[in-house]
Amino acid sequence: MDPTPQSHPILAYVLSRLPSLSARTPRSPASLTSPRTRDLEQPSPRAPSGAAEAELVALMPGLRHPSVLSAMTRAVADVATARDAIRLLGPRPDHELVDASRAVLAAADSDPEGKEGEEVEDEEKVAASREVVRLEQEHEAYDAMLRDAEEKLERVYRMAMHGRDIQEAGAGDGKGEEEGSGAVDEEVVRVLREAEEGKPVERVNLADRQLRLLPEPIGRIRGLLALDVSRNQLKVVPDAIGGLEHLEELRLASNALVSLPDSIGLLSNLKILDVSGNRLKVLPDSISKCRSLVELDASYNALVYLPTGIGHELAHLQTLRVHLNKLRSLPSSVCEMRSLRLLDAHFNQLHGLPAAIGQLSALETLDLSSNFSDMRDLPASIGDIAGLRELDLSNNQIRALPDCFGRLGRLERLRLDQNPLAVPPPEVVSRGVGAVKEYMAKRWAEAVAEEERRQAGVAESPKASTPREWLTRSVSSLSTFVKEKVVGQDKVAEEDEFLQQQF
C-alpha cells in the first residue's frame, strides 16, 4: 500500500521529491545488489508545497537539512529493495511445515542409508524438505534486511523530529541518542542490597527508568512475585530470570528486546507475561512450559509465527494478545487452549484460522480485524464457539460467512465493515448484529432441513439399493431353497430305503 500524506506524512514528503521512486519495477534477488537508477544524493530541493507540507516542516525542522532528506531517501530505497526481494520469493512457508521439514532433514542426517525399497521416496521427501527450509532461510535473510532498513528509517525520523542534521548526529547511527541513558540506577542497587540482606522483596517496579541493563543478580531474589521493567531501553533479558521460581507477574513491555531467553520456561508459577512493544521476531518454544499463564501479551512486535506447540500445555490461558505483528497463521495447537476467553490477532497477515477453532468453547471475544487482503475465509467450526459475544472481522476480504454462523446465539457485538460481503448482503449487515444472526440462522435451518431430506431420500430408496441388503435377501432365499430341495430329497431317499426293506 502506497503511503498517503494522512497516514505517513514524512514518507509521503520524501516520496514526493523522488519522481522515479513510484516507477519501480520488480527485480530479481540476484539484481538486488545493483543500485537503482535514481540519484539518491540529490533529492529535489523544492520548497514545501501546500499548507500540510509547510506545517510538517515547521513541526520537524530537520526536514530542511539536505543530509536528513538524503539519508531518508536512501533508507526508503533500502526498504523498497528488501520488499521487492520478498515479493519475488513468493509466499513464505508455514511455520509448522518448516518444523516438519527440519525434522525430516534431521532424521535423514542421522540415518543416511535409509530403508530398503523406500530410497526413492525418501530422497524426494528430503529434497522437498530441503527446498522448504531453503525458502524459509531466504525469507528470513530478506526480512532481516527489511527490518534493518526500517530501523534506519526510524532513526532518521527521530533526527528530523529534533531538528538535527544527520552529520551532526553521527551520520544517523543512533550513537548520540544513547548518551546519558541510565545503566543500573540507584533503585536497582537498593533492591539487590535488600535481597542480599535477607529482607523480603515481593514486588519490584523499575518502569520508566531508562534502564539499559537488568543485572544477573536479579534472578536470585527467590521470593519475588512481580517484576515490572516496562518502558526502558533493555535489549536483553538475562538467563538468570529463570531463577525467579515464585514469580507470578513479569512485565517487559516497551523495551528494545529482540529475543527472550529459553530459561523463561522455568517460570512455572508465572500468570501474567507482558512483552508487548518490543522487537521480538519469535517467542521461545519453552514459553509453553509456563503452565500457569493466564495472560500473555505479545502485541506490537515483529512475530511471524507462534511456537508450534504453544497451546498444548497452556491450559489455563485466558487472554492472548498478538495483534500488530506479522503473523501469517496461528498454529493448530491454539485450539487446545480450552480456557481462552479473549483472542486478539488484529492487524496481522493471517490467511485464516485453524480448522478446529470451534474447540475454544470458552472464547467470548475474538478480534481478527485488519488482516486486509490476506483474510478471505472463516472455517465452518466457528459456529461451534457457542459462548462468543464479540467478533470483529472488519477490514478483511471476506465474501461470505459460513452458514453455521447462525448458531452463534450469544453474539452481541459484530463488526463486518470494509469486507466485500455477499452473504449476508449489505442491506442485512446495515441493520445490525440481530439481523445478521437472524439471516444466518435461517440459512443454517435451511441447510439442516436439506440434509435431513437427503438422508430421508436415502432411507426410502428400494431395499435392493445397497449391496448389504441385497446380499442378506439373497442368502435368505438360498437357505429356503436348500431346505425345500435338499432336505426334501433326503426324506424321499429314506422312504425308498424303508420300502426296499419291506419287500
# chains A, B, ... in the order shown; residues from 1 in each chain; ligands from 1
$ residues_around --residues "Ala195 of chain A" --least-positions-apart "3" --cutoff "12 Å" --atoms "only C-alpha atoms" --output "PyMOL selection string"
chain A and resi 188-192+198-204+217-224
$ atom_distance --atom1 "atom CA of Ala356 of chain A" --atom2 "atom CA of Gly311 of chain A"
12.7 Å
$ atom_distance --atom1 "atom CA of Leu146 of chain A" --atom2 "atom CA of Leu97 of chain A"
23.5 Å
$ closest_atom_pairs --of "segment 301-358 of chain A" --to "segment 284-294 of chain A" --cutoff "10 Å" --atoms "only C-alpha atoms" --output "JSON lines"
{"residue": "A:Leu306", "atom": "CA", "partner": "A:Asp285", "partner_atom": "CA", "distance": 8.5}
{"residue": "A:Pro307", "atom": "CA", "partner": "A:Asp285", "partner_atom": "CA", "distance": 5.4}
{"residue": "A:Thr308", "atom": "CA", "partner": "A:Asp285", "partner_atom": "CA", "distance": 7.7}
{"residue": "A:Gly309", "atom": "CA", "partner": "A:Ser288", "partner_atom": "CA", "distance": 7.0}
{"residue": "A:Ile310", "atom": "CA", "partner": "A:Ser288", "partner_atom": "CA", "distance": 4.9}
{"residue": "A:Gly311", "atom": "CA", "partner": "A:Ser288", "partner_atom": "CA", "distance": 7.0}
{"residue": "A:His312", "atom": "CA", "partner": "A:Ser288", "partner_atom": "CA", "distance": 7.3}
{"residue": "A:Glu313", "atom": "CA", "partner": "A:Ser288", "partner_atom": "CA", "distance": 5.8}
{"residue": "A:Leu314", "atom": "CA", "partner": "A:Arg291", "partner_atom": "CA", "distance": 5.1}
{"residue": "A:Ala315", "atom": "CA", "partner": "A:Arg291", "partner_atom": "CA", "distance": 6.9}
{"residue": "A:His316", "atom": "CA", "partner": "A:Val294", "partner_atom": "CA", "distance": 5.6}
{"residue": "A:Leu317", "atom": "CA", "partner": "A:Val294", "partner_atom": "CA", "distance": 4.0}
{"residue": "A:Gln318", "atom": "CA", "partner": "A:Val294", "partner_atom": "CA", "distance": 5.2}
{"residue": "A:Thr319", "atom": "CA", "partner": "A:Val294", "partner_atom": "CA", "distance": 6.5}
{"residue": "A:Leu320", "atom": "CA", "partner": "A:Val294", "partner_atom": "CA", "distance": 8.6}
{"residue": "A:Ser339", "atom": "CA", "partner": "A:Val294", "partner_atom": "CA", "distance": 8.8}
{"residue": "A:Leu340", "atom": "CA", "partner": "A:Val294", "partner_atom": "CA", "distance": 8.6}
$ write_last_selection --atoms "all heavy atoms" --output "compact mmCIF listing (two decimals), in the first residue's frame"
# COMPACT_ATOMS: atom_id res chain seq x y z
N LEU A 306 3.97 -18.18 15.81
CA LEU A 306 3.98 -18.55 17.22
C LEU A 306 4.54 -19.96 17.33
O LEU A 306 4.46 -20.75 16.38
CB LEU A 306 2.55 -18.51 17.79
CG LEU A 306 1.85 -17.15 17.80
CD1 LEU A 306 0.44 -17.28 18.36
CD2 LEU A 306 2.65 -16.14 18.62
N PRO A 307 5.12 -20.32 18.48
CA PRO A 307 5.65 -21.67 18.63
C PRO A 307 4.60 -22.73 18.29
O PRO A 307 3.43 -22.60 18.66
CB PRO A 307 6.04 -21.73 20.10
CG PRO A 307 6.34 -20.32 20.47
CD PRO A 307 5.38 -19.50 19.67
N THR A 308 5.01 -23.77 17.57
CA THR A 308 4.08 -24.79 17.09
C THR A 308 3.25 -25.39 18.21
O THR A 308 2.04 -25.58 18.07
CB THR A 308 4.86 -25.91 16.37
OG1 THR A 308 5.60 -25.33 15.29
CG2 THR A 308 3.92 -26.97 15.83
N GLY A 309 3.86 -25.69 19.36
CA GLY A 309 3.14 -26.35 20.43
C GLY A 309 2.68 -25.44 21.54
O GLY A 309 2.44 -25.90 22.66
N ILE A 310 2.50 -24.17 21.26
CA ILE A 310 2.22 -23.19 22.32
C ILE A 310 0.94 -23.49 23.08
O ILE A 310 0.81 -23.18 24.26
CB ILE A 310 2.17 -21.75 21.74
CG1 ILE A 310 2.14 -20.73 22.88
CG2 ILE A 310 0.98 -21.59 20.81
CD1 ILE A 310 2.28 -19.30 22.42
N GLY A 311 -0.03 -24.14 22.45
CA GLY A 311 -1.31 -24.35 23.11
C GLY A 311 -1.44 -25.65 23.88
O GLY A 311 -2.40 -25.83 24.64
N HIS A 312 -0.50 -26.57 23.69
CA HIS A 312 -0.65 -27.90 24.27
C HIS A 312 -0.63 -27.89 25.79
O HIS A 312 -1.30 -28.71 26.42
CB HIS A 312 0.44 -28.83 23.74
CG HIS A 312 0.27 -29.17 22.29
ND1 HIS A 312 -0.95 -29.49 21.75
CD2 HIS A 312 1.18 -29.25 21.27
CE1 HIS A 312 -0.80 -29.74 20.46
NE2 HIS A 312 0.48 -29.60 20.15
N GLU A 313 0.14 -27.00 26.40
CA GLU A 313 0.29 -27.02 27.85
C GLU A 313 -0.24 -25.77 28.54
O GLU A 313 -0.24 -25.70 29.76
CB GLU A 313 1.77 -27.23 28.22
CG GLU A 313 2.31 -28.56 27.72
CD GLU A 313 3.76 -28.78 28.13
OE1 GLU A 313 4.00 -29.06 29.31
OE2 GLU A 313 4.63 -28.67 27.25
N LEU A 314 -0.67 -24.78 27.78
CA LEU A 314 -1.20 -23.55 28.39
C LEU A 314 -2.70 -23.71 28.61
O LEU A 314 -3.52 -22.98 28.04
CB LEU A 314 -0.89 -22.34 27.50
CG LEU A 314 0.59 -22.06 27.27
CD1 LEU A 314 0.77 -20.78 26.47
CD2 LEU A 314 1.35 -21.96 28.60
N ALA A 315 -3.05 -24.65 29.46
CA ALA A 315 -4.45 -24.99 29.67
C ALA A 315 -5.20 -23.91 30.44
O ALA A 315 -6.44 -23.86 30.39
CB ALA A 315 -4.55 -26.31 30.44
N HIS A 316 -4.49 -23.03 31.16
CA HIS A 316 -5.16 -22.00 31.98
C HIS A 316 -5.16 -20.62 31.31
O HIS A 316 -5.70 -19.68 31.90
CB HIS A 316 -4.46 -21.90 33.35
CG HIS A 316 -4.43 -23.19 34.10
ND1 HIS A 316 -5.56 -23.77 34.63
CD2 HIS A 316 -3.41 -24.04 34.39
CE1 HIS A 316 -5.24 -24.90 35.24
NE2 HIS A 316 -3.94 -25.10 35.11
N LEU A 317 -4.60 -20.50 30.13
CA LEU A 317 -4.50 -19.19 29.47
C LEU A 317 -5.90 -18.67 29.13
O LEU A 317 -6.69 -19.36 28.49
CB LEU A 317 -3.66 -19.28 28.20
CG LEU A 317 -3.23 -17.93 27.62
CD1 LEU A 317 -2.21 -17.26 28.54
CD2 LEU A 317 -2.62 -18.10 26.23
N GLN A 318 -6.19 -17.44 29.56
CA GLN A 318 -7.49 -16.83 29.31
C GLN A 318 -7.42 -15.68 28.31
O GLN A 318 -8.39 -15.39 27.62
CB GLN A 318 -8.10 -16.31 30.62
CG GLN A 318 -8.40 -17.41 31.63
CD GLN A 318 -9.03 -16.87 32.90
OE1 GLN A 318 -9.51 -15.73 32.94
NE2 GLN A 318 -9.03 -17.67 33.95
N THR A 319 -6.26 -15.01 28.23
CA THR A 319 -6.12 -13.85 27.35
C THR A 319 -4.85 -14.00 26.51
O THR A 319 -3.76 -14.18 27.05
CB THR A 319 -6.03 -12.55 28.17
OG1 THR A 319 -7.22 -12.40 28.95
CG2 THR A 319 -5.87 -11.34 27.25
N LEU A 320 -5.00 -13.91 25.20
CA LEU A 320 -3.87 -13.98 24.28
C LEU A 320 -3.95 -12.79 23.33
O LEU A 320 -4.88 -12.69 22.52
CB LEU A 320 -3.88 -15.29 23.49
CG LEU A 320 -2.78 -15.46 22.43
CD1 LEU A 320 -1.40 -15.35 23.06
CD2 LEU A 320 -2.94 -16.77 21.68
N SER A 339 -9.37 -22.75 28.02
CA SER A 339 -9.79 -21.70 28.96
C SER A 339 -9.75 -20.31 28.32
O SER A 339 -10.11 -19.33 28.97
CB SER A 339 -8.88 -21.71 30.19
OG SER A 339 -8.94 -22.94 30.87
N LEU A 340 -9.33 -20.22 27.05
CA LEU A 340 -9.14 -18.92 26.40
C LEU A 340 -10.46 -18.18 26.27
O LEU A 340 -11.45 -18.72 25.75
CB LEU A 340 -8.52 -19.13 25.02
CG LEU A 340 -7.88 -17.90 24.37
CD1 LEU A 340 -6.70 -17.41 25.21
CD2 LEU A 340 -7.42 -18.21 22.95
$ atom_distance --atom1 "atom CA of Leu327 of chain A" --atom2 "atom CA of Ser254 of chain A"
19.6 Å
$ residues_around --residues "segment 424-431 of chain A" --least-positions-apart "2" --cutoff "10 Å" --atoms "only C-alpha atoms" --output "compact mmCIF listing (two decimals) with C-alpha atoms, in the first residue's frame"
# COMPACT_ATOMS: atom_id res chain seq x y z
CA ARG A 399 -17.05 -12.57 0.89
CA ALA A 400 -19.34 -14.95 2.74
CA LEU A 401 -19.95 -16.01 6.32
CA PRO A 402 -20.33 -19.77 6.76
CA ASP A 403 -23.93 -20.99 7.25
CA LEU A 414 -20.27 -7.79 15.42
CA ARG A 415 -18.20 -5.69 13.02
CA LEU A 416 -18.20 -6.60 9.32
CA ASP A 417 -17.45 -3.25 7.68
CA ASN A 419 -15.45 -6.50 3.59
CA PRO A 420 -16.80 -7.40 0.11
CA LEU A 421 -19.61 -9.41 1.71
CA ALA A 422 -22.25 -11.09 -0.45
CA VAL A 433 -25.99 -7.89 14.56
CA GLY A 434 -29.57 -9.04 15.22
CA ALA A 435 -30.46 -9.01 11.53
CA VAL A 436 -27.24 -10.83 10.61
CA LYS A 437 -27.89 -13.53 13.23
CA GLU A 438 -31.49 -13.97 12.02
CA TYR A 439 -30.42 -14.18 8.37
CA MET A 440 -27.63 -16.68 9.02
CA ARG A 443 -29.70 -20.21 6.19
$ select_by_dssp --residues "segment 287-467 of chain A" --states "strand (DSSP E or B)" --output "mmCIF file with all heavy atoms, in the first residue's frame"
data_model
loop_
_atom_site.group_PDB
_atom_site.id
_atom_site.type_symbol
_atom_site.label_atom_id
_atom_site.label_comp_id
_atom_site.auth_asym_id
_atom_site.auth_seq_id
_atom_site.Cartn_x
_atom_site.Cartn_y
_atom_site.Cartn_z
ATOM 1 N N GLU A 295 -2.475 -14.790 31.304
ATOM 2 C CA GLU A 295 -2.498 -13.677 30.345
ATOM 3 C C GLU A 295 -1.143 -13.564 29.656
ATOM 4 O O GLU A 295 -0.110 -13.500 30.321
ATOM 5 C CB GLU A 295 -2.829 -12.374 31.064
ATOM 6 C CG GLU A 295 -2.872 -11.145 30.167
ATOM 7 C CD GLU A 295 -3.217 -9.873 30.927
ATOM 8 O OE1 GLU A 295 -3.870 -9.983 31.996
ATOM 9 O OE2 GLU A 295 -2.831 -8.788 30.464
ATOM 10 N N LEU A 296 -1.159 -13.538 28.324
ATOM 11 C CA LEU A 296 0.051 -13.373 27.522
ATOM 12 C C LEU A 296 -0.185 -12.261 26.513
ATOM 13 O O LEU A 296 -1.102 -12.340 25.687
ATOM 14 C CB LEU A 296 0.408 -14.671 26.796
ATOM 15 C CG LEU A 296 1.552 -14.601 25.779
ATOM 16 C CD1 LEU A 296 2.836 -14.113 26.430
ATOM 17 C CD2 LEU A 296 1.764 -15.959 25.109
ATOM 18 N N ASP A 297 0.639 -11.217 26.594
ATOM 19 C CA ASP A 297 0.540 -10.086 25.665
ATOM 20 C C ASP A 297 1.849 -9.971 24.900
ATOM 21 O O ASP A 297 2.885 -9.605 25.456
ATOM 22 C CB ASP A 297 0.262 -8.787 26.430
ATOM 23 C CG ASP A 297 -0.084 -7.625 25.496
ATOM 24 O OD1 ASP A 297 0.160 -7.750 24.277
ATOM 25 O OD2 ASP A 297 -0.598 -6.603 25.996
ATOM 26 N N THR A 319 -6.260 -15.015 28.234
ATOM 27 C CA THR A 319 -6.117 -13.851 27.347
ATOM 28 C C THR A 319 -4.852 -13.999 26.512
ATOM 29 O O THR A 319 -3.763 -14.181 27.051
ATOM 30 C CB THR A 319 -6.031 -12.548 28.172
ATOM 31 O OG1 THR A 319 -7.222 -12.404 28.950
ATOM 32 C CG2 THR A 319 -5.872 -11.340 27.251
ATOM 33 N N LEU A 320 -5.004 -13.912 25.200
ATOM 34 C CA LEU A 320 -3.868 -13.980 24.279
ATOM 35 C C LEU A 320 -3.955 -12.789 23.327
ATOM 36 O O LEU A 320 -4.882 -12.691 22.520
ATOM 37 C CB LEU A 320 -3.882 -15.288 23.491
ATOM 38 C CG LEU A 320 -2.782 -15.457 22.431
ATOM 39 C CD1 LEU A 320 -1.398 -15.352 23.059
ATOM 40 C CD2 LEU A 320 -2.938 -16.774 21.683
ATOM 41 N N ARG A 321 -2.978 -11.885 23.441
ATOM 42 C CA ARG A 321 -2.939 -10.694 22.582
ATOM 43 C C ARG A 321 -1.700 -10.786 21.696
ATOM 44 O O ARG A 321 -0.569 -10.750 22.193
ATOM 45 C CB ARG A 321 -2.885 -9.414 23.426
ATOM 46 C CG ARG A 321 -4.065 -9.247 24.378
ATOM 47 C CD ARG A 321 -3.963 -7.943 25.159
ATOM 48 N NE ARG A 321 -4.958 -7.842 26.206
ATOM 49 C CZ ARG A 321 -6.204 -7.408 26.021
ATOM 50 N NH1 ARG A 321 -6.598 -7.027 24.809
ATOM 51 N NH2 ARG A 321 -7.050 -7.355 27.030
ATOM 52 N N LEU A 342 -10.280 -14.500 25.499
ATOM 53 C CA LEU A 342 -10.051 -13.374 24.578
ATOM 54 C C LEU A 342 -8.872 -13.699 23.671
ATOM 55 O O LEU A 342 -7.793 -14.055 24.159
ATOM 56 C CB LEU A 342 -9.800 -12.076 25.345
ATOM 57 C CG LEU A 342 -9.578 -10.813 24.505
ATOM 58 C CD1 LEU A 342 -10.084 -9.574 25.257
ATOM 59 C CD2 LEU A 342 -8.100 -10.592 24.149
ATOM 60 N N LEU A 343 -9.080 -13.577 22.377
ATOM 61 C CA LEU A 343 -8.014 -13.750 21.389
ATOM 62 C C LEU A 343 -8.024 -12.531 20.469
ATOM 63 O O LEU A 343 -8.990 -12.294 19.738
ATOM 64 C CB LEU A 343 -8.232 -15.028 20.569
ATOM 65 C CG LEU A 343 -7.286 -15.261 19.388
ATOM 66 C CD1 LEU A 343 -5.830 -15.254 19.842
ATOM 67 C CD2 LEU A 343 -7.609 -16.568 18.679
ATOM 68 N N ASP A 344 -6.943 -11.758 20.543
ATOM 69 C CA ASP A 344 -6.823 -10.543 19.722
ATOM 70 C C ASP A 344 -5.679 -10.730 18.746
ATOM 71 O O ASP A 344 -4.506 -10.755 19.139
ATOM 72 C CB ASP A 344 -6.578 -9.330 20.623
ATOM 73 C CG ASP A 344 -6.673 -8.017 19.848
ATOM 74 O OD1 ASP A 344 -6.691 -8.063 18.594
ATOM 75 O OD2 ASP A 344 -6.725 -6.944 20.488
ATOM 76 N N THR A 365 -14.420 -13.229 23.203
ATOM 77 C CA THR A 365 -14.047 -12.086 22.362
ATOM 78 C C THR A 365 -12.998 -12.531 21.351
ATOM 79 O O THR A 365 -11.970 -13.091 21.734
ATOM 80 C CB THR A 365 -13.485 -10.931 23.221
ATOM 81 O OG1 THR A 365 -14.457 -10.540 24.183
ATOM 82 C CG2 THR A 365 -13.134 -9.739 22.335
ATOM 83 N N LEU A 366 -13.258 -12.259 20.079
ATOM 84 C CA LEU A 366 -12.340 -12.631 19.001
ATOM 85 C C LEU A 366 -12.199 -11.447 18.054
ATOM 86 O O LEU A 366 -13.186 -10.976 17.483
ATOM 87 C CB LEU A 366 -12.875 -13.852 18.245
ATOM 88 C CG LEU A 366 -12.067 -14.338 17.037
ATOM 89 C CD1 LEU A 366 -10.648 -14.714 17.441
ATOM 90 C CD2 LEU A 366 -12.757 -15.512 16.376
ATOM 91 N N ASP A 367 -10.970 -10.944 17.914
ATOM 92 C CA ASP A 367 -10.701 -9.798 17.033
ATOM 93 C C ASP A 367 -9.758 -10.236 15.919
ATOM 94 O O ASP A 367 -8.591 -10.535 16.159
ATOM 95 C CB ASP A 367 -10.082 -8.649 17.834
ATOM 96 C CG ASP A 367 -10.028 -7.339 17.040
ATOM 97 O OD1 ASP A 367 -10.194 -7.398 15.798
ATOM 98 O OD2 ASP A 367 -9.816 -6.278 17.648
ATOM 99 N N GLU A 390 -18.360 -11.186 21.287
ATOM 100 C CA GLU A 390 -17.849 -10.073 20.489
ATOM 101 C C GLU A 390 -16.962 -10.620 19.372
ATOM 102 O O GLU A 390 -16.049 -11.409 19.644
ATOM 103 C CB GLU A 390 -17.045 -9.097 21.353
ATOM 104 C CG GLU A 390 -17.847 -8.466 22.476
ATOM 105 C CD GLU A 390 -17.018 -7.476 23.278
ATOM 106 O OE1 GLU A 390 -16.017 -6.979 22.737
ATOM 107 O OE2 GLU A 390 -17.367 -7.204 24.438
ATOM 108 N N LEU A 391 -17.218 -10.186 18.153
ATOM 109 C CA LEU A 391 -16.452 -10.645 16.993
ATOM 110 C C LEU A 391 -16.209 -9.464 16.064
ATOM 111 O O LEU A 391 -17.156 -8.791 15.640
ATOM 112 C CB LEU A 391 -17.208 -11.752 16.258
ATOM 113 C CG LEU A 391 -16.573 -12.294 14.976
ATOM 114 C CD1 LEU A 391 -15.198 -12.885 15.258
ATOM 115 C CD2 LEU A 391 -17.477 -13.324 14.321
ATOM 116 N N ASP A 392 -14.940 -9.216 15.755
ATOM 117 C CA ASP A 392 -14.570 -8.122 14.852
ATOM 118 C C ASP A 392 -13.883 -8.714 13.634
ATOM 119 O O ASP A 392 -12.795 -9.281 13.729
ATOM 120 C CB ASP A 392 -13.643 -7.135 15.566
ATOM 121 C CG ASP A 392 -13.473 -5.825 14.784
ATOM 122 O OD1 ASP A 392 -13.779 -5.815 13.571
ATOM 123 O OD2 ASP A 392 -13.029 -4.831 15.382
ATOM 124 N N ALA A 400 -18.160 -14.243 2.246
ATOM 125 C CA ALA A 400 -19.343 -14.950 2.740
ATOM 126 C C ALA A 400 -19.063 -15.518 4.122
ATOM 127 O O ALA A 400 -18.000 -16.085 4.373
ATOM 128 C CB ALA A 400 -19.731 -16.069 1.778
ATOM 129 N N ARG A 413 -21.944 -8.255 19.821
ATOM 130 C CA ARG A 413 -21.282 -7.198 19.046
ATOM 131 C C ARG A 413 -20.594 -7.822 17.835
ATOM 132 O O ARG A 413 -19.865 -8.811 17.967
ATOM 133 C CB ARG A 413 -20.270 -6.458 19.912
ATOM 134 C CG ARG A 413 -20.879 -5.716 21.086
ATOM 135 C CD ARG A 413 -19.821 -4.976 21.884
ATOM 136 N NE ARG A 413 -19.135 -3.981 21.058
ATOM 137 C CZ ARG A 413 -18.081 -3.287 21.465
ATOM 138 N NH1 ARG A 413 -17.578 -3.493 22.670
ATOM 139 N NH2 ARG A 413 -17.518 -2.404 20.666
ATOM 140 N N LEU A 414 -20.821 -7.240 16.664
ATOM 141 C CA LEU A 414 -20.268 -7.785 15.423
ATOM 142 C C LEU A 414 -19.896 -6.642 14.489
ATOM 143 O O LEU A 414 -20.703 -5.741 14.247
ATOM 144 C CB LEU A 414 -21.296 -8.698 14.741
ATOM 145 C CG LEU A 414 -20.922 -9.251 13.370
ATOM 146 C CD1 LEU A 414 -19.718 -10.185 13.468
ATOM 147 C CD2 LEU A 414 -22.113 -9.980 12.749
ATOM 148 N N ARG A 415 -18.637 -6.677 14.009
ATOM 149 C CA ARG A 415 -18.199 -5.690 13.021
ATOM 150 C C ARG A 415 -17.807 -6.401 11.736
ATOM 151 O O ARG A 415 -16.963 -7.303 11.736
ATOM 152 C CB ARG A 415 -17.000 -4.893 13.551
ATOM 153 C CG ARG A 415 -17.349 -3.872 14.620
ATOM 154 C CD ARG A 415 -16.202 -2.892 14.812
ATOM 155 N NE ARG A 415 -15.908 -2.166 13.581
ATOM 156 C CZ ARG A 415 -14.827 -1.411 13.398
ATOM 157 N NH1 ARG A 415 -13.945 -1.283 14.369
ATOM 158 N NH2 ARG A 415 -14.621 -0.790 12.252
ATOM 159 N N VAL A 423 -22.724 -12.620 1.386
ATOM 160 C CA VAL A 423 -23.543 -13.399 2.311
ATOM 161 C C VAL A 423 -23.067 -13.090 3.724
ATOM 162 O O VAL A 423 -21.946 -13.472 4.083
ATOM 163 C CB VAL A 423 -23.428 -14.916 2.046
ATOM 164 C CG1 VAL A 423 -24.247 -15.705 3.072
ATOM 165 C CG2 VAL A 423 -23.851 -15.255 0.633
#
$ residues_around --residues "Leu303 of chain A" --least-positions-apart "5" --cutoff "8 Å" --atoms "only C-alpha atoms" --output "list of chain:residue names"
A:Leu280, A:Lys281, A:Val282, A:Leu283, A:Asn325, A:Lys326, A:Leu327
$ decode --residues "segment 233-281 of chain A" --atoms "C-alpha atoms" --output "compact mmCIF listing (two decimals), in the first residue's frame"
# COMPACT_ATOMS: atom_id res chain seq x y z
CA GLN A 233 15.85 0.51 26.97
CA LEU A 234 16.54 -3.15 27.65
CA LYS A 235 17.87 -5.17 24.72
CA VAL A 236 18.29 -8.48 26.54
CA VAL A 237 16.79 -10.32 29.49
CA PRO A 238 19.38 -12.29 31.46
CA ASP A 239 19.10 -16.10 31.60
CA ALA A 240 19.09 -15.73 35.38
CA ILE A 241 15.43 -14.66 35.13
CA GLY A 242 14.61 -18.37 35.23
CA GLY A 243 15.71 -18.45 38.87
CA LEU A 244 12.63 -16.47 39.97
CA GLU A 245 10.69 -19.65 40.66
CA HIS A 246 7.85 -17.90 42.54
CA LEU A 247 7.38 -15.07 40.02
CA GLU A 248 3.74 -14.51 39.02
CA GLU A 249 3.95 -11.26 37.01
CA LEU A 250 6.65 -10.25 34.53
CA ARG A 251 6.20 -7.02 32.60
CA LEU A 252 8.78 -6.27 29.90
CA ALA A 253 6.67 -4.01 27.68
CA SER A 254 8.08 -1.16 25.58
CA ASN A 255 11.77 -2.04 25.55
CA ALA A 256 14.10 -2.98 22.69
CA LEU A 257 14.10 -6.75 23.17
CA VAL A 258 14.80 -8.87 20.09
CA SER A 259 14.52 -12.23 21.89
CA LEU A 260 13.58 -13.85 25.18
CA PRO A 261 15.77 -16.39 26.99
CA ASP A 262 14.78 -20.07 26.92
CA SER A 263 15.02 -20.01 30.71
CA ILE A 264 11.69 -18.19 30.80
CA GLY A 265 10.12 -21.64 30.57
CA LEU A 266 11.31 -22.30 34.12
CA LEU A 267 8.80 -19.77 35.48
CA SER A 268 6.18 -22.41 36.22
CA ASN A 269 4.17 -20.07 38.52
CA LEU A 270 4.05 -17.17 36.04
CA LYS A 271 0.49 -15.94 35.48
CA ILE A 272 0.99 -12.65 33.59
CA LEU A 273 3.62 -12.08 30.89
CA ASP A 274 3.67 -8.77 29.00
CA VAL A 275 6.32 -8.46 26.27
CA SER A 276 4.38 -6.03 24.06
CA GLY A 277 6.04 -3.15 22.25
CA ASN A 278 9.42 -4.78 21.61
CA ARG A 279 11.23 -6.10 18.53
CA LEU A 280 10.63 -9.79 19.09
CA LYS A 281 10.80 -11.92 15.97
